[in-house]
Amino acid sequence: MKVFDKNGHKIIWGEALEALATIKDNSVDLIFADPPYNIGKKFVDVPDRWESDGSYLNWCYKWLQLCIKKLKHTGSMYVMTATQNMPHFDLFLRDKLTILSRIVWYYDSSSVQARKYFGSLYEPILHCVKDENDYTFNANDILVEARTGAVRKLIDYRKPVPTVYNSKKVPGNVWHIPRVRYRMDEYENHPTQKPIALLERIIRASSNEDDLVVDPFSGSFTTSYVAKQLKRKSIGIEINEDYVKIGLRRLQIATEFNGEPLRRERKTYEPPVDENQATLSLFEKKAKWNTRSRKRSKVS
Ligand SMILES: C[S@@+](CC[C@H](N)C(=O)[O-])C[C@H]1O[C@@H](n2cnc3c(N)ncnc32)[C@H](O)[C@@H]1O
């Protein structure tokens, strides 16, 4: 395990269970956990596929339990996993925390849609808090344009005094946020990078400036990156060296790693900075499926 620390932002290069154990109990304001989904995605060379659903869930229950221990009593946790695993997470967590919202993050397909079943176009997110009477929710910081009569400048005559419709509202639990695409500025070389807009809504809503935000499966470090932009503190944990390097660069914690300069890989349509700059692959490498697994999951 190796720790990099600069200006309130820490990257722990190591295994989530081990790294979480080093964080003080009851010290974290917000956790965003986006673990491997057990669907055979390839994180560099490691496919996320467990021997069985049971062994995947047992592993998840361990880190979920640890996350709860690290949260302050006013803390909030957002958890993601594949649609087929989420009911298990929900049952496990509802005994220990209050689940305030079951959020659906939906997006347009980035590739060919299924032809023989209804293809998956969403990922579930649980929004949980430790104390349902004492938690952070900055409603005014996440308001969105209301799609009601406000757009047409209608007046609500059902009110005692006729009033124009509100033009802003707190988003509901269905969030349409595009996935990160290759041509977007924020794109990093990670197969399941979450969008800045998704983390911005979560961090703005459920934390305040100087609060501590933790992500036990940081990947491309979107959580820590957004936490930094929003003046929160962060701890990001990641097991994979290539992704730790993305985090070190995105958070400006280091400019080189083992003597190698850390810079974003060049996109195919960009001119090279110099001949040593690596090129970002346009296509995600195909996952190697574990032949012992029973069936390839159709959903994510
Ligand atoms: C679904 S991705 C997270 C993506 C991330 N939210 C983002 O926006 O880029 C899960 C990440 O967990 C990492 N990972 C897998 N097993 C781990 C473990 N036991 N401890 C820490 N990180 C792990 C993988 O390398 C992968 O980057």
# chains A, B, ... in the order shown; residues from 1 in each chain; ligands from 1
>>> residues_near_ligand(ligand="ligand 1", cutoff="8 Å", atoms="only C-alpha atoms and all ligand atoms", output="PyMOL selection string")
chain A and resi 13-17+33-37+43-44+46+48+190-195+215-223+237-240+243
>>> write_last_selection(atoms="C-alpha atoms", output="PDB file, in the first residue's frame")
ATOM      1  CA  TRP A  13      -2.677   2.855  -3.980  1.00  0.00           C
ATOM      2  CA  GLY A  14      -3.858  -0.434  -2.543  1.00  0.00           C
ATOM      3  CA  GLU A  15      -6.696  -2.855  -1.844  1.00  0.00           C
ATOM      4  CA  ALA A  16      -9.964  -1.262  -0.710  1.00  0.00           C
ATOM      5  CA  LEU A  17     -10.513  -3.317   2.462  1.00  0.00           C
ATOM      6  CA  ALA A  33     -18.576   3.674  -3.910  1.00  0.00           C
ATOM      7  CA  ASP A  34     -18.535   2.410  -7.494  1.00  0.00           C
ATOM      8  CA  PRO A  35     -17.003  -1.078  -7.182  1.00  0.00           C
ATOM      9  CA  PRO A  36     -16.315  -3.639  -9.889  1.00  0.00           C
ATOM     10  CA  TYR A  37     -19.757  -4.974 -10.920  1.00  0.00           C
ATOM     11  CA  PHE A  43      -9.653  -3.168 -15.587  1.00  0.00           C
ATOM     12  CA  VAL A  44      -6.269  -3.276 -17.363  1.00  0.00           C
ATOM     13  CA  VAL A  46      -7.907  -7.906 -14.211  1.00  0.00           C
ATOM     14  CA  ASP A  48     -14.061  -8.148 -12.638  1.00  0.00           C
ATOM     15  CA  HIS A 190     -10.694   3.910 -17.965  1.00  0.00           C
ATOM     16  CA  PRO A 191     -13.522   1.571 -19.062  1.00  0.00           C
ATOM     17  CA  THR A 192     -16.127   2.722 -16.535  1.00  0.00           C
ATOM     18  CA  GLN A 193     -15.273   6.374 -15.933  1.00  0.00           C
ATOM     19  CA  LYS A 194     -18.165   8.216 -14.288  1.00  0.00           C
ATOM     20  CA  PRO A 195     -19.087  11.698 -15.574  1.00  0.00           C
ATOM     21  CA  ASP A 215     -14.075   6.872  -2.885  1.00  0.00           C
ATOM     22  CA  PRO A 216     -12.870   3.284  -2.226  1.00  0.00           C
ATOM     23  CA  PHE A 217     -12.798   2.334  -5.961  1.00  0.00           C
ATOM     24  CA  SER A 218     -11.532   5.496  -7.585  1.00  0.00           C
ATOM     25  CA  GLY A 219     -10.780   4.324 -11.136  1.00  0.00           C
ATOM     26  CA  SER A 220     -10.150   7.540 -13.072  1.00  0.00           C
ATOM     27  CA  PHE A 221     -10.532   9.562  -9.829  1.00  0.00           C
ATOM     28  CA  THR A 222     -13.562  11.557 -10.929  1.00  0.00           C
ATOM     29  CA  THR A 223     -14.772  11.733  -7.325  1.00  0.00           C
ATOM     30  CA  ILE A 237      -8.387   4.349  -3.110  1.00  0.00           C
ATOM     31  CA  GLU A 238      -7.405   2.369  -6.206  1.00  0.00           C
ATOM     32  CA  ILE A 239      -5.632  -0.959  -6.658  1.00  0.00           C
ATOM     33  CA  ASN A 240      -4.402  -0.483 -10.195  1.00  0.00           C
ATOM     34  CA  TYR A 243      -5.371   4.338 -12.704  1.00  0.00           C
TER      35      TYR A 243
END
>>> residues_around(residues="region 206-210 of chain A", least_positions_apart="4", cutoff="8 Å", atoms="only C-alpha atoms", output="JSON, numbers by chain")
{"A": [29, 30, 76, 135, 136, 137, 138, 202, 230, 231, 232, 233]}
>>> write_last_selection(atoms="N, CA and C atoms", output="PDB file, in the first residue's frame")
ATOM      1  N   ASP A  29     -17.486  12.369   5.716  1.00  0.00           N
ATOM      2  CA  ASP A  29     -18.782  13.020   5.484  1.00  0.00           C
ATOM      3  C   ASP A  29     -19.555  12.366   4.345  1.00  0.00           C
ATOM      4  N   LEU A  30     -18.822  11.953   3.318  1.00  0.00           N
ATOM      5  CA  LEU A  30     -19.504  11.412   2.133  1.00  0.00           C
ATOM      6  C   LEU A  30     -18.664  10.306   1.509  1.00  0.00           C
ATOM      7  N   SER A  76     -23.232  10.573   4.565  1.00  0.00           N
ATOM      8  CA  SER A  76     -24.049  10.006   3.486  1.00  0.00           C
ATOM      9  C   SER A  76     -23.198   9.073   2.642  1.00  0.00           C
ATOM     10  N   TYR A 135     -28.640  14.969   8.412  1.00  0.00           N
ATOM     11  CA  TYR A 135     -27.730  14.710   7.285  1.00  0.00           C
ATOM     12  C   TYR A 135     -27.690  15.939   6.387  1.00  0.00           C
ATOM     13  N   THR A 136     -26.630  16.017   5.569  1.00  0.00           N
ATOM     14  CA  THR A 136     -26.471  17.171   4.671  1.00  0.00           C
ATOM     15  C   THR A 136     -27.257  16.941   3.381  1.00  0.00           C
ATOM     16  N   PHE A 137     -28.058  17.928   3.003  1.00  0.00           N
ATOM     17  CA  PHE A 137     -28.682  17.889   1.667  1.00  0.00           C
ATOM     18  C   PHE A 137     -28.879  19.327   1.202  1.00  0.00           C
ATOM     19  N   ASN A 138     -27.931  19.786   0.375  1.00  0.00           N
ATOM     20  CA  ASN A 138     -27.923  21.185  -0.072  1.00  0.00           C
ATOM     21  C   ASN A 138     -28.814  21.353  -1.299  1.00  0.00           C
ATOM     22  N   ILE A 202     -23.825  14.845  -6.757  1.00  0.00           N
ATOM     23  CA  ILE A 202     -23.753  14.092  -5.495  1.00  0.00           C
ATOM     24  C   ILE A 202     -22.947  14.863  -4.447  1.00  0.00           C
ATOM     25  N   LEU A 230     -14.590  21.464  -5.869  1.00  0.00           N
ATOM     26  CA  LEU A 230     -15.629  22.019  -4.992  1.00  0.00           C
ATOM     27  C   LEU A 230     -15.110  22.304  -3.579  1.00  0.00           C
ATOM     28  N   LYS A 231     -13.780  22.306  -3.428  1.00  0.00           N
ATOM     29  CA  LYS A 231     -13.135  22.690  -2.166  1.00  0.00           C
ATOM     30  C   LYS A 231     -13.441  21.739  -1.008  1.00  0.00           C
ATOM     31  N   ARG A 232     -13.682  20.466  -1.332  1.00  0.00           N
ATOM     32  CA  ARG A 232     -13.777  19.440  -0.299  1.00  0.00           C
ATOM     33  C   ARG A 232     -12.415  18.781  -0.177  1.00  0.00           C
ATOM     34  N   LYS A 233     -12.214  17.970   0.892  1.00  0.00           N
ATOM     35  CA  LYS A 233     -11.013  17.130   0.998  1.00  0.00           C
ATOM     36  C   LYS A 233     -11.369  15.750   0.445  1.00  0.00           C
TER      37      LYS A 233
END
>>> closest_residue(among="A:Phe89, A:Tyr117, A:Tyr122, A:Tyr269", to="Arg179 (chain A)", atoms="only C-alpha atoms")
A:Tyr122
>>> residues_around(residues="Leu64 (chain A)", least_positions_apart="6", cutoff="12 Å", atoms="only C-alpha atoms", output="PDB file with C-alpha atoms, in the first residue's frame")
ATOM      1  CA  ALA A  16      -9.964  -1.262  -0.710  1.00  0.00           C
ATOM      2  CA  LEU A  17     -10.513  -3.317   2.462  1.00  0.00           C
ATOM      3  CA  LEU A  20     -10.379   1.655   4.261  1.00  0.00           C
ATOM      4  CA  ALA A  21      -9.159   0.145   7.529  1.00  0.00           C
ATOM      5  CA  ILE A  31     -18.638   8.094   0.470  1.00  0.00           C
ATOM      6  CA  PHE A  32     -19.166   7.375  -3.205  1.00  0.00           C
ATOM      7  CA  ALA A  33     -18.576   3.674  -3.910  1.00  0.00           C
ATOM      8  CA  ASP A  34     -18.535   2.410  -7.494  1.00  0.00           C
ATOM      9  CA  PRO A  35     -17.003  -1.078  -7.182  1.00  0.00           C
ATOM     10  CA  LEU A  57     -21.640 -10.293  -2.552  1.00  0.00           C
ATOM     11  CA  ASN A  58     -19.671 -11.504   0.477  1.00  0.00           C
ATOM     12  CA  LYS A  70     -15.956   5.199   8.642  1.00  0.00           C
ATOM     13  CA  LEU A  71     -18.968   7.499   8.058  1.00  0.00           C
ATOM     14  CA  MET A  77     -23.132   7.164   1.170  1.00  0.00           C
ATOM     15  CA  TYR A  78     -23.921   6.631  -2.513  1.00  0.00           C
ATOM     16  CA  VAL A  79     -23.388   3.109  -3.806  1.00  0.00           C
ATOM     17  CA  MET A  80     -23.466   1.705  -7.318  1.00  0.00           C
ATOM     18  CA  THR A  81     -23.393  -1.816  -8.713  1.00  0.00           C
ATOM     19  CA  HIS A  88     -28.872  -7.603  -2.552  1.00  0.00           C
ATOM     20  CA  PHE A  89     -27.107  -4.338  -1.667  1.00  0.00           C
ATOM     21  CA  ASP A  90     -30.474  -2.771  -0.885  1.00  0.00           C
ATOM     22  CA  PHE A  92     -28.102  -5.540   3.185  1.00  0.00           C
ATOM     23  CA  LEU A  93     -27.983  -1.760   3.626  1.00  0.00           C
ATOM     24  CA  ARG A  94     -31.553  -0.996   4.640  1.00  0.00           C
ATOM     25  CA  LYS A  96     -27.950  -0.518   8.751  1.00  0.00           C
ATOM     26  CA  LEU A  97     -28.653   2.850   7.114  1.00  0.00           C
ATOM     27  CA  CYS A 128     -28.147   6.305   2.049  1.00  0.00           C
ATOM     28  CA  ASP A 215     -14.075   6.872  -2.885  1.00  0.00           C
ATOM     29  CA  PRO A 216     -12.870   3.284  -2.226  1.00  0.00           C
ATOM     30  CA  PHE A 217     -12.798   2.334  -5.961  1.00  0.00           C
TER      31      PHE A 217
END
>>> residues_around(residues="His9 (chain A)", least_positions_apart="6", cutoff="9 Å", atoms="only C-alpha atoms", output="ChimeraX atom specification")
/A:224,227-228,232-236,251,253
>>> write_last_selection(atoms="C-alpha atoms", output="PDB file, in the first residue's frame")
ATOM      1  CA  SER A 224     -11.532  13.174  -5.953  1.00  0.00           C
ATOM      2  CA  ALA A 227     -14.176  17.100  -4.625  1.00  0.00           C
ATOM      3  CA  LYS A 228     -11.087  19.228  -5.228  1.00  0.00           C
ATOM      4  CA  ARG A 232     -13.777  19.440  -0.299  1.00  0.00           C
ATOM      5  CA  LYS A 233     -11.013  17.130   0.998  1.00  0.00           C
ATOM      6  CA  SER A 234     -10.690  13.677  -0.512  1.00  0.00           C
ATOM      7  CA  ILE A 235      -9.313  10.184  -0.107  1.00  0.00           C
ATOM      8  CA  GLY A 236      -9.302   8.035  -3.242  1.00  0.00           C
ATOM      9  CA  LEU A 251      -5.381  15.905  -8.818  1.00  0.00           C
ATOM     10  CA  ILE A 253      -0.388  15.571  -6.781  1.00  0.00           C
TER      11      ILE A 253
END
>>> select_by_dssp(residues="region 160-260 of chain A", states="strand (DSSP E)", output="MDAnalysis selection string")
chainID A and resid 163:164 168:169 174:176 212:215 233:238 256:257 260
>>> atom_distance(atom1="CA of Ala150 (chain A)", atom2="CA of Lys168 (chain A)")
8.5 Å
